[in-house]
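So this one's coords07.cif, mmCIF, C-alpha atoms and all ligand atoms:
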```
data_start
#
loop_
_atom_site.label_atom_id
_atom_site.label_comp_id
_atom_site.auth_asym_id
_atom_site.auth_seq_id
_atom_site.Cartn_x
_atom_site.Cartn_y
_atom_site.Cartn_z
CA MET A 1 7.04 -24.18 -23.82
CA SER A 2 4.55 -26.85 -22.75
CA SER A 3 7.45 -29.20 -21.94
CA ILE A 4 8.49 -27.09 -18.90
CA SER A 5 7.87 -29.08 -15.75
CA GLN A 6 5.09 -27.97 -13.43
CA ARG A 7 5.96 -25.56 -10.61
CA ASP A 8 4.14 -24.66 -7.42
CA ILE A 9 4.07 -20.87 -7.05
CA PRO A 10 1.61 -19.60 -4.42
CA PHE A 11 0.50 -16.00 -4.85
CA PHE A 12 2.09 -15.17 -1.50
CA ASN A 13 3.82 -17.65 0.76
CA TYR A 14 3.32 -16.43 4.34
CA LYS A 15 5.31 -19.34 5.74
CA GLU A 16 8.34 -18.69 3.56
CA ALA A 17 8.12 -14.89 3.48
CA PHE A 18 10.37 -14.27 6.49
CA MET A 19 12.21 -17.61 6.75
CA HIS A 20 15.50 -16.16 5.55
CA TYR A 21 15.48 -13.92 8.64
CA GLU A 22 14.59 -16.73 11.06
CA GLU A 23 17.83 -16.56 13.06
CA GLU A 24 17.85 -12.76 13.26
CA PHE A 25 14.17 -12.56 14.20
CA VAL A 26 14.60 -15.14 16.97
CA ALA A 27 17.59 -13.16 18.29
CA ILE A 28 15.50 -9.94 18.26
CA PHE A 29 12.65 -11.68 20.06
CA LYS A 30 15.01 -13.07 22.74
CA ASP A 31 16.60 -9.67 23.23
CA ILE A 32 13.21 -8.04 23.75
CA LEU A 33 12.06 -10.86 26.01
CA HIS A 34 15.18 -10.54 28.14
CA ARG A 35 14.73 -6.77 28.38
CA GLY A 36 10.97 -7.02 29.00
CA ALA A 37 10.60 -4.20 26.46
CA TYR A 38 7.11 -4.55 24.99
CA ILE A 39 5.36 -1.20 24.72
CA MET A 40 6.79 2.20 23.67
CA GLN A 41 10.43 1.30 24.21
CA LYS A 42 13.63 2.33 22.45
CA ASP A 43 13.10 -0.11 19.56
CA LEU A 44 9.96 1.80 18.60
CA GLN A 45 11.78 5.13 18.90
CA ASN A 46 14.63 3.79 16.75
CA PHE A 47 12.27 2.60 14.06
CA GLU A 48 10.37 5.90 14.05
CA GLU A 49 13.63 7.82 13.73
CA HIS A 50 14.95 5.61 10.94
CA LEU A 51 11.67 5.69 9.02
CA ALA A 52 11.57 9.49 9.26
CA GLN A 53 15.20 9.67 8.05
CA PHE A 54 14.49 7.31 5.18
CA LEU A 55 11.56 9.43 3.98
CA GLY A 56 13.13 12.78 4.82
CA VAL A 57 10.22 13.86 7.06
CA LYS A 58 10.18 15.44 10.51
CA HIS A 59 7.97 12.88 12.22
CA ALA A 60 7.14 9.19 11.88
CA ILE A 61 4.81 7.67 14.44
CA GLY A 62 4.30 3.92 14.75
CA VAL A 63 0.65 2.88 15.07
CA ALA A 64 -1.14 -0.44 15.39
CA ASN A 65 -2.05 -0.90 11.70
CA GLY A 66 -2.54 0.96 8.43
CA THR A 67 -6.26 1.49 8.99
CA ASP A 68 -5.77 3.16 12.38
CA ALA A 69 -2.99 5.20 10.79
CA LEU A 70 -5.54 6.62 8.33
CA ILE A 71 -8.14 7.30 11.03
CA VAL A 72 -5.79 9.16 13.37
CA ALA A 73 -4.09 10.99 10.49
CA LEU A 74 -7.46 12.32 9.29
CA GLN A 75 -8.53 13.27 12.81
CA ALA A 76 -5.22 14.94 13.57
CA ALA A 77 -5.32 16.81 10.26
CA GLY A 78 -8.69 18.25 11.25
CA ILE A 79 -11.51 16.21 9.70
CA LYS A 80 -14.83 17.13 11.30
CA ALA A 81 -18.17 15.29 11.28
CA GLY A 82 -19.81 15.55 7.86
CA ASP A 83 -16.68 16.62 5.95
CA GLU A 84 -16.41 14.98 2.55
CA VAL A 85 -13.14 13.30 1.58
CA LEU A 86 -12.42 12.29 -2.03
CA PHE A 87 -10.78 8.88 -2.52
CA PRO A 88 -10.21 6.57 -5.53
CA SER A 89 -12.52 3.55 -5.54
CA HIS A 90 -9.62 1.35 -6.73
CA THR A 91 -8.44 0.71 -3.18
CA MET A 92 -8.95 -1.45 -0.15
CA VAL A 93 -12.16 -0.69 1.69
CA ALA A 94 -9.96 0.43 4.61
CA THR A 95 -9.39 3.77 2.85
CA ALA A 96 -13.09 4.61 2.83
CA GLY A 97 -13.81 2.90 6.15
CA ALA A 98 -11.18 5.04 7.84
CA ILE A 99 -12.85 8.20 6.49
CA VAL A 100 -16.14 7.02 8.00
CA TYR A 101 -14.52 6.12 11.33
CA ALA A 102 -12.85 9.53 11.47
CA GLY A 103 -16.31 11.13 11.12
CA GLY A 104 -16.10 12.04 7.43
CA ILE A 105 -18.04 11.05 4.33
CA PRO A 106 -16.09 9.10 1.69
CA VAL A 107 -16.71 10.28 -1.88
CA PRO A 108 -15.34 7.92 -4.55
CA VAL A 109 -13.67 9.14 -7.73
CA ASP A 110 -12.59 7.30 -10.88
CA ILE A 111 -9.15 6.10 -11.97
CA GLY A 112 -7.04 7.24 -14.89
CA PRO A 113 -5.17 5.14 -17.47
CA ASP A 114 -2.47 4.23 -14.94
CA HIS A 115 -5.14 2.82 -12.54
CA MET A 116 -4.44 5.56 -9.98
CA MET A 117 -6.78 8.32 -8.72
CA ASP A 118 -7.71 10.39 -11.78
CA PRO A 119 -6.94 14.07 -11.02
CA SER A 120 -9.29 15.09 -13.85
CA ASP A 121 -12.26 13.45 -12.06
CA LEU A 122 -11.76 15.35 -8.80
CA GLU A 123 -13.52 18.62 -9.66
CA ARG A 124 -16.71 16.78 -10.61
CA ALA A 125 -16.92 15.35 -7.09
CA ILE A 126 -16.20 18.55 -5.16
CA THR A 127 -19.07 20.11 -3.18
CA THR A 128 -19.27 22.79 -0.51
CA LYS A 129 -18.66 20.03 2.06
CA THR A 130 -15.45 18.73 0.51
CA ARG A 131 -12.57 19.16 2.92
CA ALA A 132 -9.81 16.77 1.88
CA ILE A 133 -8.38 14.49 -0.80
CA MET A 134 -7.04 11.06 0.01
CA PRO A 135 -4.91 9.79 -2.88
CA VAL A 136 -4.01 6.10 -2.64
CA GLN A 137 -0.49 5.11 -3.66
CA VAL A 138 -1.81 1.76 -4.80
CA ASN A 139 0.30 -1.19 -5.93
CA GLY A 140 3.50 0.63 -4.96
CA ARG A 141 3.10 3.57 -7.33
CA THR A 142 2.69 7.25 -6.44
CA CYS A 143 -0.11 9.25 -8.07
CA ASN A 144 0.60 12.35 -10.14
CA MET A 145 0.76 14.51 -7.03
CA ASP A 146 1.31 17.76 -8.96
CA GLU A 147 -2.14 17.53 -10.52
CA ILE A 148 -3.81 16.45 -7.28
CA GLN A 149 -2.08 19.23 -5.36
CA ALA A 150 -3.25 21.78 -7.95
CA VAL A 151 -6.90 20.80 -7.32
CA ALA A 152 -6.33 20.82 -3.55
CA ASP A 153 -4.86 24.33 -3.78
CA LYS A 154 -7.65 25.60 -6.01
CA TYR A 155 -10.39 24.48 -3.58
CA ASP A 156 -8.45 24.90 -0.33
CA LEU A 157 -8.51 21.19 0.52
CA PHE A 158 -5.90 19.30 2.49
CA ILE A 159 -4.32 16.00 1.44
CA VAL A 160 -3.83 12.90 3.55
CA GLU A 161 -2.13 10.17 1.55
CA ASP A 162 -2.99 6.50 1.91
CA ALA A 163 0.49 5.18 1.18
CA ALA A 164 -0.21 1.79 2.80
CA GLN A 165 1.11 0.14 -0.37
CA GLY A 166 3.61 2.79 -1.37
CA LEU A 167 6.61 2.85 0.97
CA GLY A 168 9.65 3.86 -1.06
CA SER A 169 7.79 4.78 -4.24
CA LYS A 170 8.35 8.31 -5.55
CA PHE A 171 6.85 10.94 -7.80
CA LYS A 172 9.37 13.45 -9.20
CA GLY A 173 11.90 12.27 -6.64
CA LYS A 174 9.62 12.77 -3.61
CA TYR A 175 8.49 9.84 -1.51
CA ALA A 176 4.88 8.64 -1.27
CA GLY A 177 3.47 9.67 2.08
CA THR A 178 5.38 12.97 2.21
CA PHE A 179 3.21 15.17 -0.03
CA GLY A 180 0.17 15.94 2.09
CA LYS A 181 -0.54 17.09 5.62
CA ALA A 182 0.09 13.50 6.63
CA GLY A 183 0.78 10.14 4.99
CA THR A 184 0.15 6.64 6.25
CA PHE A 185 1.71 3.19 5.85
CA SER A 186 0.77 -0.41 6.58
CA PHE A 187 3.24 -3.07 7.65
CA TYR A 188 0.85 -6.00 7.19
CA PRO A 189 3.04 -9.10 6.55
CA ALA A 190 2.48 -9.11 2.76
CA LYS A 191 3.54 -5.47 2.39
CA VAL A 192 6.93 -4.65 0.85
CA LEU A 193 8.04 -3.79 4.40
CA GLY A 194 6.07 -6.20 6.56
CA CYS A 195 6.08 -7.31 10.18
CA LEU A 196 4.86 -10.51 11.84
CA GLY A 197 1.33 -9.25 12.40
CA ASP A 198 -0.30 -5.84 12.15
CA GLY A 199 1.59 -2.57 12.09
CA GLY A 200 1.40 0.89 10.58
CA ALA A 201 2.79 4.42 10.70
CA VAL A 202 1.80 8.04 10.18
CA VAL A 203 4.37 10.47 8.80
CA THR A 204 4.15 14.24 8.70
CA ASN A 205 6.19 17.44 8.65
CA ASP A 206 3.57 19.21 10.75
CA ASP A 207 4.47 19.34 14.47
CA GLN A 208 0.86 19.79 15.57
CA VAL A 209 -0.40 16.88 13.49
CA ALA A 210 2.39 14.69 14.88
CA ASP A 211 1.58 15.71 18.44
CA ARG A 212 -2.11 14.94 17.97
CA VAL A 213 -1.43 11.59 16.29
CA ARG A 214 0.75 10.55 19.25
CA MET A 215 -1.98 11.55 21.71
CA LEU A 216 -4.82 9.93 19.72
CA CYS A 217 -2.87 6.65 19.71
CA ASP A 218 -2.10 6.69 23.43
CA HIS A 219 -5.27 7.60 25.31
CA GLY A 220 -4.93 11.31 24.68
CA ARG A 221 -1.72 11.47 26.72
CA ARG A 222 1.45 13.50 26.27
CA ALA A 223 4.78 11.80 26.95
CA ASP A 224 4.78 13.27 30.50
CA GLY A 225 1.43 11.58 31.26
CA GLU A 226 -0.76 14.69 30.99
CA ILE A 227 -4.09 13.83 29.37
CA ARG A 228 -5.05 16.56 26.89
CA ILE A 229 -7.73 15.04 24.63
CA TRP A 230 -9.87 11.93 24.21
CA GLY A 231 -7.79 9.20 22.64
CA GLY A 232 -7.65 5.46 22.13
CA ASN A 233 -4.94 2.84 22.00
CA SER A 234 -3.26 2.29 18.66
CA ARG A 235 0.39 1.88 19.55
CA LEU A 236 2.83 -0.09 17.41
CA ASP A 237 4.16 -3.01 19.48
CA ASN A 238 7.81 -2.66 20.38
CA LEU A 239 8.57 -6.14 19.03
CA GLN A 240 7.03 -5.36 15.63
CA ALA A 241 8.93 -2.08 15.54
CA ALA A 242 12.19 -3.92 16.21
CA LEU A 243 11.49 -6.42 13.41
CA LEU A 244 10.72 -3.55 11.02
CA ASP A 245 13.78 -1.57 12.07
CA PHE A 246 15.95 -4.59 11.39
CA GLN A 247 14.60 -4.84 7.82
CA LEU A 248 14.75 -1.16 6.93
CA PRO A 249 18.48 -1.03 5.99
CA SER A 250 17.93 -3.69 3.29
CA TYR A 251 14.85 -1.95 1.90
CA ALA A 252 16.68 -0.55 -1.11
CA ALA A 253 17.68 -4.08 -2.14
CA THR A 254 14.11 -5.27 -1.56
CA MET A 255 12.71 -2.56 -3.85
CA GLN A 256 15.36 -3.37 -6.45
CA ARG A 257 14.43 -7.05 -6.47
CA ARG A 258 10.76 -6.23 -6.99
CA ARG A 259 11.61 -3.82 -9.79
CA HIS A 260 13.70 -6.55 -11.39
CA ILE A 261 10.71 -8.94 -11.31
CA ALA A 262 8.51 -6.22 -12.82
CA ALA A 263 11.08 -5.69 -15.59
CA MET A 264 11.02 -9.42 -16.32
CA TYR A 265 7.22 -9.44 -16.57
CA GLU A 266 7.40 -6.37 -18.79
CA GLU A 267 9.99 -7.84 -21.14
CA ARG A 268 8.24 -11.17 -21.55
CA LEU A 269 4.61 -10.02 -21.65
CA HIS A 270 4.60 -6.62 -23.33
CA SER A 271 3.96 -8.12 -26.76
CA VAL A 272 0.94 -10.14 -25.59
CA ALA A 273 -1.94 -8.10 -26.99
CA GLN A 274 -4.52 -9.64 -24.65
CA VAL A 275 -2.98 -8.17 -21.50
CA VAL A 276 -2.39 -4.61 -20.31
CA LEU A 277 0.60 -4.35 -17.98
CA PRO A 278 1.25 -1.73 -15.31
CA PRO A 279 3.87 0.87 -16.28
CA GLY A 280 7.33 -0.74 -16.40
CA PRO A 281 10.04 0.26 -13.90
CA ASN A 282 11.74 2.56 -16.41
CA ALA A 283 8.64 3.73 -18.30
CA ASP A 284 8.48 7.26 -16.88
CA PRO A 285 11.29 9.18 -15.15
CA ASP A 286 8.70 10.97 -12.97
CA HIS A 287 7.78 7.71 -11.28
CA PHE A 288 9.77 5.30 -9.14
CA ASP A 289 7.50 2.31 -8.44
CA VAL A 290 8.12 -0.41 -5.84
CA TYR A 291 5.59 -2.96 -7.10
CA GLN A 292 3.75 -3.85 -3.94
CA ASN A 293 1.63 -5.78 -6.43
CA TYR A 294 1.85 -6.59 -10.11
CA GLU A 295 -1.70 -6.06 -11.29
CA ILE A 296 -2.52 -6.57 -14.97
CA GLU A 297 -5.66 -6.37 -17.05
CA ALA A 298 -6.37 -9.54 -18.99
CA GLN A 299 -8.83 -10.67 -21.63
CA ARG A 300 -10.71 -13.82 -20.55
CA ARG A 301 -9.41 -13.07 -17.08
CA ASP A 302 -11.31 -15.81 -15.23
CA ASP A 303 -10.24 -18.49 -17.71
CA LEU A 304 -6.64 -17.29 -17.46
CA ARG A 305 -6.84 -17.54 -13.69
CA GLU A 306 -8.13 -21.13 -13.87
CA TYR A 307 -5.45 -22.04 -16.39
CA LEU A 308 -2.68 -20.58 -14.21
CA LYS A 309 -4.10 -22.38 -11.18
CA ALA A 310 -4.07 -25.69 -13.05
CA ASN A 311 -0.42 -24.97 -13.77
CA GLY A 312 0.44 -24.36 -10.11
CA ILE A 313 0.40 -20.55 -10.22
CA GLY A 314 -1.50 -18.58 -7.56
CA THR A 315 -3.09 -15.29 -8.54
CA ILE A 316 -5.47 -12.90 -6.80
CA ILE A 317 -8.36 -10.81 -7.99
CA GLN A 318 -7.94 -7.98 -5.60
CA TRP A 319 -10.50 -7.01 -2.99
CA SER A 320 -12.92 -9.81 -3.93
CA GLY A 321 -13.27 -8.41 -7.45
CA LYS A 322 -15.12 -5.19 -6.61
CA ALA A 323 -14.17 -1.56 -6.22
CA VAL A 324 -15.28 0.05 -2.94
CA HIS A 325 -18.30 1.82 -4.46
CA GLN A 326 -19.56 -1.48 -5.95
CA TRP A 327 -20.45 -3.07 -2.57
CA PRO A 328 -24.19 -2.46 -2.19
CA GLY A 329 -24.03 -2.56 1.62
CA LEU A 330 -21.85 0.55 1.70
CA GLY A 331 -24.56 2.74 0.20
CA PHE A 332 -22.78 4.38 -2.74
CA LYS A 333 -25.01 5.29 -5.66
CA ILE A 334 -22.38 6.37 -8.14
CA LYS A 335 -21.07 4.67 -11.31
CA LEU A 336 -17.36 4.95 -12.12
CA PRO A 337 -16.93 3.51 -15.63
CA LYS A 338 -13.14 3.27 -15.76
CA THR A 339 -12.83 1.68 -12.33
CA GLU A 340 -15.62 -0.79 -13.10
CA ALA A 341 -14.07 -1.77 -16.46
CA PHE A 342 -10.76 -2.27 -14.67
CA PHE A 343 -12.26 -4.54 -12.00
CA ALA A 344 -13.85 -6.74 -14.69
CA ARG A 345 -10.39 -7.52 -16.09
CA CYS A 346 -7.81 -7.14 -13.32
CA ILE A 347 -5.71 -9.94 -11.90
CA MET A 348 -2.54 -9.93 -9.80
CA LEU A 349 0.44 -12.08 -10.68
CA PRO A 350 2.88 -13.31 -7.99
CA MET A 351 5.19 -10.47 -6.87
CA ASN A 352 7.17 -11.13 -3.72
CA MET A 353 10.63 -11.85 -2.34
CA VAL A 354 10.20 -15.64 -2.43
CA ILE A 355 9.69 -16.16 -6.17
CA THR A 356 12.74 -16.79 -8.32
CA ASP A 357 13.60 -15.58 -11.81
CA GLU A 358 12.80 -19.11 -13.01
CA ASP A 359 9.35 -18.82 -11.44
CA VAL A 360 8.75 -15.57 -13.32
CA GLU A 361 9.93 -17.19 -16.58
CA TYR A 362 7.50 -20.04 -15.96
CA ILE A 363 4.56 -17.73 -15.18
CA CYS A 364 5.21 -15.70 -18.33
CA ALA A 365 5.57 -18.83 -20.45
CA LYS A 366 2.22 -20.09 -19.18
CA ILE A 367 0.49 -16.76 -19.88
CA CYS A 368 1.94 -16.78 -23.42
CA ALA A 369 0.82 -20.37 -23.89
CA PHE A 370 -2.72 -19.51 -22.71
CA TYR A 371 -3.01 -16.83 -25.37
CA GLY A 372 -1.38 -19.05 -28.04
CA LYS A 373 1.88 -17.09 -28.25
C1 LIG B 401 -4.53 0.83 0.18
C2 LIG B 401 -4.65 0.32 1.59
N1 LIG B 401 -5.09 1.15 2.54
C3 LIG B 401 -5.20 0.75 3.82
C4 LIG B 401 -4.86 -0.54 4.20
C5 LIG B 401 -5.05 -0.95 5.62
O1 LIG B 401 -3.87 -1.38 6.25
P1 LIG B 401 -3.94 -2.42 7.45
O2 LIG B 401 -4.31 -3.75 6.89
O3 LIG B 401 -2.54 -2.41 8.00
O4 LIG B 401 -4.93 -1.92 8.42
C6 LIG B 401 -4.38 -1.43 3.24
C7 LIG B 401 -4.01 -2.79 3.63
O5 LIG B 401 -3.82 -3.68 2.89
C8 LIG B 401 -4.29 -1.01 1.90
O6 LIG B 401 -3.86 -1.82 0.94
#
```
Now that the file is in, can you turn its structure into structure tokens?
Amino acid sequence: MSSISQRDIPFFNYKEAFMHYEEEFVAIFKDILHRGAYIMQKDLQNFEEHLAQFLGVKHAIGVANGTDALIVALQAAGIKAGDEVLFPSHTMVATAGAIVYAGGIPVPVDIGPDHMMDPSDLERAITTKTRAIMPVQVNGRTCNMDEIQAVADKYDLFIVEDAAQGLGSKFKGKYAGTFGKAGTFSFYPAKVLGCLGDGGAVVTNDDQVADRVRMLCDHGRRADGEIRIWGGNSRLDNLQAALLDFQLPSYAATMQRRRHIAAMYEERLHSVAQVVLPPGPNADPDHFDVYQNYEIEAQRRDDLREYLKANGIGTIIQWSGKAVHQWPGLGFKIKLPKTEAFFARCIMLPMNMVITDEDVEYICAKICAFYGK
């Protein structure tokens, strides 16, 4: 194994990520330039229609980014000042920040064995002020939405899903983002469906929520110009929408490629006792995962990271190595043992459309070598 020649595998290669579409993207840009079609034009409408069709929902609304998508989705769904919203602390701070910006109070809950929001920790966190649950479809996997829905029903709470990382993933055949009152997505460049900058979307089957989201993102206006409510500006640029719309038809192939990489990691690393892998692509028929990230738990994590770096392999310890509730400046007082144990051991391996099968072989060989396998 040690005779394999050194490779250079960045964790994510922003320069290479879209290079295979260079010609098509330049053509799209020229077309938009020649039409002068920058804001709220047909390309945005097309993308919204196609995204809604893909997910089987009534409405998809393009917004400026995944964080704004969360804020307007919560506001449109009816969050009021002082309402508590339960969220898993294994997430980007954007999840909790959006709750705060929408006027709510974020209440962190622990994760279960699959690293997702633990439905059995929800009841502990419920108070008379609890109004909503925000599951996070983290790393391209959908939570057990049956169990979360059961708690929501029992306490009359509504669900807004943070599916920023979950486009295309499913639980029991239903897409992430389509379970609650609204669901949100991010199209940040490193997402499975990414654009050349910031982008996001809100999806919903609720006409009123959709109407409010559209107004909140466009200065409180209806399409005919009538101003109904206070709003801001969080529109998805027409150009970004066109680039996303162009990529949507090949999304099935994109998901398949990522699932193939996950299967390779699974096959080559499952017998390494020092690592805990995420569920494999065929581990559970209830789940269809799209592997936005491939996040493992590893013994001697920091040494492994250094070793992989010395061998040309980029890794990431997500969100600067802390769960949301662990940042002292954010004022949380709670301890979440499973989340904290996870963050002491988690590390993300390269998972993207640029790496080759040979790269994955090399990464796995190096991890095996590190643990003396
Ligand atoms: C789980 C989660 N929620 C929200 C966001 C925010 O999305 P954006 O960066 O598009 O604002 C992200 C972005 O990475 C995310 O991973």
Dump as CSV the rows for residues of chain A within 8 Å of ligand LIG 401 (chain B): closest atom pair and distance in Å with one decimal, only C-alpha atoms and all ligand atoms counted, ordered by chain and rising residue number.
```
residue,atom,partner,partner_atom,distance
A:Ala64,CA,B:LIG401,O3,7.8
A:Asn65,CA,B:LIG401,O3,4.0
A:Gly66,CA,B:LIG401,O3,3.4
A:Thr67,CA,B:LIG401,O4,3.7
A:Asp68,CA,B:LIG401,O4,6.5
A:Ala69,CA,B:LIG401,O4,7.8
A:Leu70,CA,B:LIG401,C3,7.4
A:Thr91,CA,B:LIG401,C1,5.2
A:Met92,CA,B:LIG401,C2,5.0
A:Val93,CA,B:LIG401,N1,7.4
A:Ala94,CA,B:LIG401,C3,4.8
A:Thr95,CA,B:LIG401,N1,5.0
A:Val136,CA,B:LIG401,C1,6.0
A:Gln137,CA,B:LIG401,C1,7.0
A:Val138,CA,B:LIG401,C1,5.8
A:Asp162,CA,B:LIG401,N1,5.8
A:Ala163,CA,B:LIG401,C1,6.7
A:Ala164,CA,B:LIG401,C2,4.8
A:Gln165,CA,B:LIG401,O6,5.5
A:Phe185,CA,B:LIG401,O1,7.2
A:Ser186,CA,B:LIG401,O3,4.1
A:Phe187,CA,B:LIG401,O3,5.8
A:Tyr188,CA,B:LIG401,O3,5.0
A:Lys191,CA,B:LIG401,O5,7.6
A:Asp198,CA,B:LIG401,O3,5.8
A:Gly199,CA,B:LIG401,O3,5.8
A:Gly200,CA,B:LIG401,O3,5.8
```
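Across the model, the gap from CA of Cys346 in chain A to CA of Val324 in chain A is 14.7 Å.
Nearest residue to His50 in chain A, choosing from A:Pro119, A:Pro249, A:Pro285, A:Pro113 and counting only C-alpha atoms: A:Pro249.
You can rank A:Leu86, A:Met116, A:Leu44, A:Leu55 by their closest distance to Leu157 in chain A using all atoms listed in the file, and at the top of that list sits A:Leu86.
Checking A:Cys368, A:Val107, A:Ala190, A:Leu330 one by one against Pro350 in chain A, counting only C-alpha atoms, you find the shortest gap at A:Ala190.
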All residues 8 Å or closer to range 338-342 of chain A, all atoms listed in the file, same chain fewer than 6 positions away omitted, as a PyMOL selection string = chain A and resi 89-90+110-112+115+297+322-323
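Between Gln53 in chain A and the candidates A:Leu248, A:Val213, A:Leu33, A:Ile105, the tightest atom-to-atom separation, counting only C-alpha atoms, involves A:Leu248.
Among the candidate residues A:Ile32, A:Val151, A:Ala76, A:Ala96, the one lying nearest to Ser120 in chain A is A:Val151, with distances computed using only C-alpha atoms.
Computed from the coordinates, the CA of Val209 in chain A to CA of Gly62 in chain A distance equals 13.8 Å.
Using all atoms listed in the file, the nearest neighbour of Gly183 in chain A within the list A:His59, A:Arg301, A:Lys15, A:Arg35 is A:His59.
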message = Report as a PyMOL selection string all protein, DNA and RNA residues lying within 9 Å of Asp8 in chain A, evaluated on all atoms listed in the file, omitting residues in the same chain fewer than 4 positions from it.
response = chain A and resi 311-314+359
Take the selection from the previous step and output its residues with C-alpha atoms, as a JSON list (two decimals), in the frame of the given file.
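Just written: result09.json:
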```
[["chain", "number", "residue", "atom", "x", "y", "z"],
["A", 311, "ASN", "CA", -0.42, -24.97, -13.77],
["A", 312, "GLY", "CA", 0.44, -24.36, -10.11],
["A", 313, "ILE", "CA", 0.40, -20.55, -10.22],
["A", 314, "GLY", "CA", -1.50, -18.58, -7.56],
["A", 359, "ASP", "CA", 9.35, -18.82, -11.44]]
```
ask   = Can you list, as an MDAnalysis selection string, every protein, DNA or RNA residue that comes within 8 Å of Pro279 in chain A when you count only C-alpha atoms, leaving out same-chain residues fewer than 3 positions away?
value = chainID A and resid 114 283:284
Box for range 109-117 of chain A - axis-aligned, 4 Å on each of the six sides, all listed atoms - centre and size in Å to one decimal, as JSON.
```
{"center_x": -8.1, "center_y": 6.0, "center_z": -12.6, "size_x": 19.2, "size_y": 14.3, "size_z": 17.7}
```
ask   = Counting only C-alpha atoms, what is within 7 Å of Glu295 in chain A, bar same-chain residues fewer than 5 positions away, as a VMD selection string?
value = chain A and resid 278 346 to 349
